[in-house]
Amino acid sequence: MAGKYLVFTCLFLAFLLSFTWYHLKDRDWGRYTAFPCQTENTGSNSIISHERLKDSPLHRMLYEKPDLLKLPRTDVMIATPWQAPIVWDGTYNLDILNELFHLRGARIGLSVFVIRKYKVFINDFLQSAEEFFMAGHKVHYYVFTDDVSGIPNITLKEGRNMEVVKISGYKRWQDITMRRMQLIRDYISQKLINEVDYLVCLDADLKFMDHIGVEILGDVFGVIHPGFFGESRTAFTHERRNYSAGYIPEDEGDFYYTGCFFGGTVEEVYKLTNFCHNAMMEDKAKNIEALWHDESYLNKYFLYHKPTKLLSPEYAWNDYYGSPVVVKRKRLVHVPKDYNAVRD
Ligand code: UD2
């Protein structure tokens, strides 16, 4: 009799186990996680679970409630007079932003040019970008170069791709830096418009030292130059010749923006690069060149087409300017270079 009970119990348990296994084996456990997105610098990737998450009735967003009566920073300006946020450390909640951009499935492009001797910078640039740039999001690197074989084949994390685009360089370094506007504009209309939602455009002689993520993204953004953030308008090195298309009078201007870092939606970056390239061509026809080349035309663009988001100098730091207390994080830093050695 006891044997019969034992057999019956074993059969029942076996049935129960197979039933449970059958029903739970295909379940998407990520869907039931309250907040599975990545937090700063953890490096984990949750692209797939986020795409499934959006329709789940159990989807939750858990984070500390914003406090309307508490200022995130009291030592720096955190919004421009035209109501664009200025991104400093402590002014955003990355969990919320990651969640929003994951739900949109944002595809982020990064363009960088390495012509002639600037190839020396690309390995550190890419390796450090893999560590700190848009961790956990879909990233597509576009490396424009005159020497495809000189670009290292680095291992990329999940959801990240790289395309090396062969271009012919220009003779003068000034043309190399300025023509980036034309090349970016043309590549957007040829290809990028179908491949990415946002485009981030960077110089090559930079190294990522700390987190840079979706907090930078918006319609069109620029970075406040680290050398001018406390300066008066007259100190800005804008183009002052009134016959140049880059001209900015001394009583105009908001901030001095660096030429090494700008971006936005592909549509907006198209407009920006198109404006800058046309302004350069206008000057070229008059045989002039703005003082700081593409940077001067970029500053002109941002004066009359205000950026919708500004990044604090944390995002383009140069150790030449020391360590002011307001700069809590040096996220992207200039690699010191010997100009004579890298420019032909
Ligand atoms: C400033 C700007 C830069 C641009 C330039 C215009 C900053 C930090 N950067 O830097 O964005 O506006 O002024 O004068 O303010 N390049 C090559 N090969 C070359 C020369 C240039 O690939 O032979 C590319 C490379 O991606 C480089 C970029 O063009 O990073 C800009 O040139 P740069 O870094 O020499 O410009 P720089 O330091 O004068």
# chains A, B, ... in the order shown; residues from 1 in each chain; ligands from 1
>>> select_by_dssp(residues="segment 41-261 of chain A", states="strand (DSSP E or B)", output="ChimeraX atom specification")
/A:79,85-87,107-114,133,138-145,160-166,198-202,206-208,212,220-224,239,247,257-261
>>> residues_around(residues="His238 of chain A", least_positions_apart="5", cutoff="10 Å", atoms="only C-alpha atoms", output="PDB file with C-alpha atoms, in the first residue's frame")
ATOM      1  CA  ARG A 233      31.514  88.857 -24.874  1.00  0.00           C
ATOM      2  CA  GLY A 246      31.148  84.144 -39.669  1.00  0.00           C
ATOM      3  CA  TYR A 247      30.929  87.725 -38.335  1.00  0.00           C
ATOM      4  CA  ILE A 248      29.554  88.258 -34.844  1.00  0.00           C
ATOM      5  CA  PRO A 249      29.486  91.860 -33.529  1.00  0.00           C
ATOM      6  CA  GLU A 250      31.001  92.501 -30.087  1.00  0.00           C
ATOM      7  CA  GLY A 253      26.729  86.339 -28.513  1.00  0.00           C
ATOM      8  CA  TYR A 256      31.666  80.636 -26.911  1.00  0.00           C
ATOM      9  CA  TYR A 257      31.071  77.121 -28.262  1.00  0.00           C
ATOM     10  CA  ALA A 290      37.004  82.897 -40.509  1.00  0.00           C
ATOM     11  CA  LEU A 291      39.443  83.205 -37.589  1.00  0.00           C
ATOM     12  CA  TRP A 292      38.783  79.797 -36.057  1.00  0.00           C
ATOM     13  CA  GLU A 295      34.400  76.780 -35.017  1.00  0.00           C
ATOM     14  CA  SER A 296      33.698  80.401 -36.045  1.00  0.00           C
ATOM     15  CA  TYR A 297      30.891  79.388 -38.407  1.00  0.00           C
ATOM     16  CA  ASN A 299      29.357  79.943 -33.296  1.00  0.00           C
ATOM     17  CA  LYS A 300      27.580  82.053 -35.893  1.00  0.00           C
TER      18      LYS A 300
END
>>> residues_near_ligand(ligand="ligand 1", cutoff="6 Å", atoms="only C-alpha atoms and all ligand atoms", output="list of chain:residue names")
A:Val112, A:Phe113, A:Val114, A:Ile115, A:Arg116, A:Tyr118, A:Trp173, A:Ile176, A:Thr177, A:Asp203, A:Ala204, A:Asp205, A:Thr258, A:Gly259, A:Cys260, A:Trp292, A:His293, A:Asp294, A:Glu295, A:Arg343
>>> closest_residue(among="A:Leu156, A:Leu311, A:Ala279, A:Leu303", to="Met178 of chain A", atoms="only C-alpha atoms")
A:Ala279
>>> residues_around(residues="Thr155 of chain A", least_positions_apart="5", cutoff="10 Å", atoms="only C-alpha atoms", output="number ranges by chain")
A: 126-127, 130, 160-162
>>> residues_around(residues="Leu183 of chain A", least_positions_apart="4", cutoff="10 Å", atoms="only C-alpha atoms", output="list in words")
Phe113, Phe144, Ile167, Met178, Arg179, Tyr187, Ile188, Thr273, Asn274 and His277 of chain A
>>> write_last_selection(atoms="C-alpha atoms", output="PDB file, in the first residue's frame")
ATOM      1  CA  PHE A 113      37.700  62.293 -38.808  1.00  0.00           C
ATOM      2  CA  PHE A 144      36.168  59.093 -41.901  1.00  0.00           C
ATOM      3  CA  ILE A 167      37.686  59.928 -48.053  1.00  0.00           C
ATOM      4  CA  MET A 178      36.482  72.848 -42.207  1.00  0.00           C
ATOM      5  CA  ARG A 179      35.427  70.349 -44.864  1.00  0.00           C
ATOM      6  CA  TYR A 187      26.829  61.581 -45.672  1.00  0.00           C
ATOM      7  CA  ILE A 188      23.678  62.400 -43.709  1.00  0.00           C
ATOM      8  CA  THR A 273      26.490  71.498 -41.264  1.00  0.00           C
ATOM      9  CA  ASN A 274      24.775  72.847 -44.375  1.00  0.00           C
ATOM     10  CA  HIS A 277      29.572  74.759 -45.180  1.00  0.00           C
TER      11      HIS A 277
END
>>> residues_around(residues="Leu206 of chain A", least_positions_apart="6", cutoff="7 Å", atoms="only C-alpha atoms", output="PyMOL selection string")
chain A and resi 125+332-335
>>> select_by_dssp(residues="segment 162-304 of chain A", states="helix (DSSP H, G or I)", output="VMD selection string")
chain A and resid 173 to 178 180 to 190 192 to 194 214 to 216 233 to 235 266 to 285 294 to 304
>>> atom_distance(atom1="atom CA of Phe275 of chain A", atom2="atom CA of Asp197 of chain A")
20.0 Å
>>> atom_distance(atom1="atom CA of Pro324 of chain A", atom2="atom CA of Val76 of chain A")
12.0 Å
>>> closest_residue(among="A:Ser18, A:Asn153, A:Thr80, A:Asn278", to="Gln182 of chain A", atoms="only C-alpha atoms")
A:Asn278
>>> closest_residue(among="A:Gly109, A:Gly136, A:Ser189, A:Gln174", to="Cys201 of chain A", atoms="only C-alpha atoms")
A:Gly109
>>> closest_residue(among="A:Leu217, A:Val120, A:Met134, A:Leu68", to="Pro85 of chain A", atoms="only C-alpha atoms")
A:Leu217
>>> closest_residue(among="A:Ala135, A:Ala235, A:Leu110, A:Leu103", to="His59 of chain A", atoms="only C-alpha atoms")
A:Leu103
>>> closest_residue(among="A:Leu71, A:Ala129, A:Val266, A:Ile122", to="Ile184 of chain A", atoms="only C-alpha atoms")
A:Val266
>>> residues_around(residues="Leu199 of chain A", least_positions_apart="6", cutoff="12 Å", atoms="only C-alpha atoms", output="PyMOL selection string")
chain A and resi 106-112+138-142+184-185+187-188+192-193+214+216-221+261-270+272-273
>>> write_last_selection(atoms="C-alpha atoms", output="PDB file, in the first residue's frame")
ATOM      1  CA  ALA A 106      17.287  55.619 -30.073  1.00  0.00           C
ATOM      2  CA  ARG A 107      20.058  54.925 -32.589  1.00  0.00           C
ATOM      3  CA  ILE A 108      23.069  57.143 -31.983  1.00  0.00           C
ATOM      4  CA  GLY A 109      25.768  57.892 -34.563  1.00  0.00           C
ATOM      5  CA  LEU A 110      29.206  59.263 -33.741  1.00  0.00           C
ATOM      6  CA  SER A 111      31.341  60.814 -36.481  1.00  0.00           C
ATOM      7  CA  VAL A 112      35.088  61.326 -36.214  1.00  0.00           C
ATOM      8  CA  LYS A 138      22.744  51.462 -29.909  1.00  0.00           C
ATOM      9  CA  VAL A 139      25.825  53.198 -31.256  1.00  0.00           C
ATOM     10  CA  HIS A 140      27.166  53.428 -34.789  1.00  0.00           C
ATOM     11  CA  TYR A 141      30.668  54.870 -35.231  1.00  0.00           C
ATOM     12  CA  TYR A 142      31.479  56.545 -38.544  1.00  0.00           C
ATOM     13  CA  ILE A 184      28.992  65.169 -42.628  1.00  0.00           C
ATOM     14  CA  ARG A 185      26.160  66.982 -44.415  1.00  0.00           C
ATOM     15  CA  TYR A 187      26.829  61.581 -45.672  1.00  0.00           C
ATOM     16  CA  ILE A 188      23.678  62.400 -43.709  1.00  0.00           C
ATOM     17  CA  LEU A 192      22.857  58.413 -42.105  1.00  0.00           C
ATOM     18  CA  ILE A 193      19.304  59.683 -42.365  1.00  0.00           C
ATOM     19  CA  VAL A 214      21.832  60.262 -23.460  1.00  0.00           C
ATOM     20  CA  ILE A 216      23.503  65.138 -24.019  1.00  0.00           C
ATOM     21  CA  LEU A 217      20.874  64.359 -26.664  1.00  0.00           C
ATOM     22  CA  GLY A 218      18.319  66.843 -27.895  1.00  0.00           C
ATOM     23  CA  ASP A 219      17.303  68.516 -31.156  1.00  0.00           C
ATOM     24  CA  VAL A 220      20.575  70.402 -31.492  1.00  0.00           C
ATOM     25  CA  PHE A 221      23.316  70.806 -28.918  1.00  0.00           C
ATOM     26  CA  PHE A 261      31.764  68.586 -30.134  1.00  0.00           C
ATOM     27  CA  PHE A 262      28.250  69.243 -31.436  1.00  0.00           C
ATOM     28  CA  GLY A 263      25.262  67.183 -32.463  1.00  0.00           C
ATOM     29  CA  GLY A 264      21.543  66.613 -32.417  1.00  0.00           C
ATOM     30  CA  THR A 265      18.964  64.791 -34.487  1.00  0.00           C
ATOM     31  CA  VAL A 266      20.294  63.896 -37.942  1.00  0.00           C
ATOM     32  CA  GLU A 267      17.874  66.383 -39.476  1.00  0.00           C
ATOM     33  CA  GLU A 268      19.148  69.214 -37.269  1.00  0.00           C
ATOM     34  CA  VAL A 269      22.806  68.285 -37.792  1.00  0.00           C
ATOM     35  CA  TYR A 270      22.111  68.389 -41.526  1.00  0.00           C
ATOM     36  CA  LEU A 272      23.803  73.010 -39.015  1.00  0.00           C
ATOM     37  CA  THR A 273      26.490  71.498 -41.264  1.00  0.00           C
TER      38      THR A 273
END
>>> atom_distance(atom1="atom CA of His137 of chain A", atom2="atom CA of Pro313 of chain A")
23.4 Å
>>> decode(residues="segment 172-217 of chain A", atoms="N, CA and C atoms", output="compact mmCIF listing (two decimals), in the first residue's frame")
# COMPACT_ATOMS: atom_id res chain seq x y z
N ARG A 172 45.65 71.35 -46.95
CA ARG A 172 45.81 72.24 -45.79
C ARG A 172 45.02 71.69 -44.59
N TRP A 173 45.59 71.79 -43.39
CA TRP A 173 44.87 71.29 -42.22
C TRP A 173 43.58 72.08 -42.01
N GLN A 174 43.62 73.36 -42.40
CA GLN A 174 42.42 74.19 -42.24
C GLN A 174 41.27 73.63 -43.08
N ASP A 175 41.61 73.15 -44.28
CA ASP A 175 40.56 72.57 -45.13
C ASP A 175 40.09 71.24 -44.57
N ILE A 176 41.00 70.48 -43.98
CA ILE A 176 40.60 69.18 -43.40
C ILE A 176 39.55 69.42 -42.30
N THR A 177 39.86 70.37 -41.42
CA THR A 177 38.92 70.59 -40.31
C THR A 177 37.61 71.22 -40.81
N MET A 178 37.71 72.18 -41.75
CA MET A 178 36.48 72.85 -42.21
C MET A 178 35.60 71.96 -43.06
N ARG A 179 36.22 71.16 -43.92
CA ARG A 179 35.43 70.35 -44.86
C ARG A 179 34.64 69.24 -44.18
N ARG A 180 34.92 69.04 -42.90
CA ARG A 180 34.13 68.04 -42.17
C ARG A 180 32.64 68.39 -42.25
N MET A 181 32.35 69.70 -42.25
CA MET A 181 30.93 70.12 -42.31
C MET A 181 30.27 69.61 -43.59
N GLN A 182 30.97 69.78 -44.70
CA GLN A 182 30.42 69.33 -45.99
C GLN A 182 30.28 67.81 -46.02
N LEU A 183 31.32 67.13 -45.55
CA LEU A 183 31.31 65.66 -45.61
C LEU A 183 30.22 65.08 -44.71
N ILE A 184 30.05 65.67 -43.53
CA ILE A 184 28.99 65.17 -42.63
C ILE A 184 27.62 65.42 -43.28
N ARG A 185 27.45 66.64 -43.78
CA ARG A 185 26.16 66.98 -44.41
C ARG A 185 25.83 65.98 -45.52
N ASP A 186 26.81 65.74 -46.40
CA ASP A 186 26.54 64.87 -47.55
C ASP A 186 26.30 63.41 -47.12
N TYR A 187 27.02 62.97 -46.11
CA TYR A 187 26.83 61.58 -45.67
C TYR A 187 25.48 61.41 -44.96
N ILE A 188 25.01 62.48 -44.33
CA ILE A 188 23.68 62.40 -43.71
C ILE A 188 22.64 62.15 -44.80
N SER A 189 22.70 62.95 -45.87
CA SER A 189 21.65 62.79 -46.88
C SER A 189 21.82 61.48 -47.66
N GLN A 190 23.07 61.03 -47.82
CA GLN A 190 23.27 59.77 -48.57
C GLN A 190 22.86 58.54 -47.76
N LYS A 191 23.15 58.56 -46.45
CA LYS A 191 23.09 57.30 -45.71
C LYS A 191 22.56 57.43 -44.28
N LEU A 192 23.14 58.39 -43.54
CA LEU A 192 22.86 58.41 -42.10
C LEU A 192 21.39 58.65 -41.77
N ILE A 193 20.71 59.37 -42.62
CA ILE A 193 19.30 59.68 -42.36
C ILE A 193 18.49 58.40 -42.17
N ASN A 194 18.94 57.30 -42.79
CA ASN A 194 18.23 56.02 -42.64
C ASN A 194 18.82 55.13 -41.57
N GLU A 195 19.94 55.53 -40.99
CA GLU A 195 20.63 54.62 -40.07
C GLU A 195 20.61 55.05 -38.60
N VAL A 196 20.57 56.36 -38.36
CA VAL A 196 20.62 56.81 -36.97
C VAL A 196 19.59 57.91 -36.73
N ASP A 197 19.23 58.09 -35.45
CA ASP A 197 18.29 59.16 -35.09
C ASP A 197 19.06 60.42 -34.66
N TYR A 198 20.17 60.19 -33.98
CA TYR A 198 20.99 61.31 -33.49
C TYR A 198 22.40 61.16 -34.04
N LEU A 199 23.05 62.31 -34.24
CA LEU A 199 24.45 62.26 -34.66
C LEU A 199 25.28 63.16 -33.75
N VAL A 200 26.36 62.59 -33.24
CA VAL A 200 27.28 63.33 -32.37
C VAL A 200 28.59 63.47 -33.16
N CYS A 201 29.07 64.71 -33.30
CA CYS A 201 30.26 64.96 -34.13
C CYS A 201 31.41 65.41 -33.25
N LEU A 202 32.53 64.70 -33.33
CA LEU A 202 33.65 64.96 -32.42
C LEU A 202 34.98 65.08 -33.15
N ASP A 203 35.91 65.85 -32.53
CA ASP A 203 37.31 65.85 -32.97
C ASP A 203 37.92 64.50 -32.61
N ALA A 204 39.09 64.22 -33.21
CA ALA A 204 39.75 62.93 -32.93
C ALA A 204 40.69 62.98 -31.73
N ASP A 205 41.24 64.16 -31.44
CA ASP A 205 42.26 64.23 -30.39
C ASP A 205 41.61 64.41 -29.02
N LEU A 206 40.71 63.48 -28.70
CA LEU A 206 39.94 63.53 -27.46
C LEU A 206 39.95 62.15 -26.83
N LYS A 207 39.82 62.13 -25.50
CA LYS A 207 39.72 60.84 -24.81
C LYS A 207 38.57 60.90 -23.82
N PHE A 208 37.73 59.89 -23.84
CA PHE A 208 36.63 59.82 -22.88
C PHE A 208 37.20 59.38 -21.53
N MET A 209 36.90 60.13 -20.48
CA MET A 209 37.44 59.82 -19.16
C MET A 209 36.33 59.48 -18.17
N ASP A 210 35.09 59.75 -18.54
CA ASP A 210 33.97 59.56 -17.62
C ASP A 210 32.70 59.44 -18.47
N HIS A 211 31.62 59.09 -17.80
CA HIS A 211 30.35 58.86 -18.49
C HIS A 211 29.90 60.02 -19.41
N ILE A 212 29.52 59.67 -20.64
CA ILE A 212 28.79 60.60 -21.52
C ILE A 212 27.65 59.79 -22.12
N GLY A 213 26.42 60.16 -21.79
CA GLY A 213 25.29 59.35 -22.23
C GLY A 213 24.18 60.19 -22.84
N VAL A 214 22.97 59.64 -22.77
CA VAL A 214 21.83 60.26 -23.46
C VAL A 214 21.42 61.61 -22.88
N GLU A 215 21.99 61.98 -21.72
CA GLU A 215 21.69 63.32 -21.19
C GLU A 215 22.12 64.42 -22.15
N ILE A 216 23.02 64.10 -23.09
CA ILE A 216 23.50 65.14 -24.02
C ILE A 216 22.54 65.33 -25.19
N LEU A 217 21.66 64.35 -25.42
CA LEU A 217 20.87 64.36 -26.66
C LEU A 217 19.70 65.32 -26.61
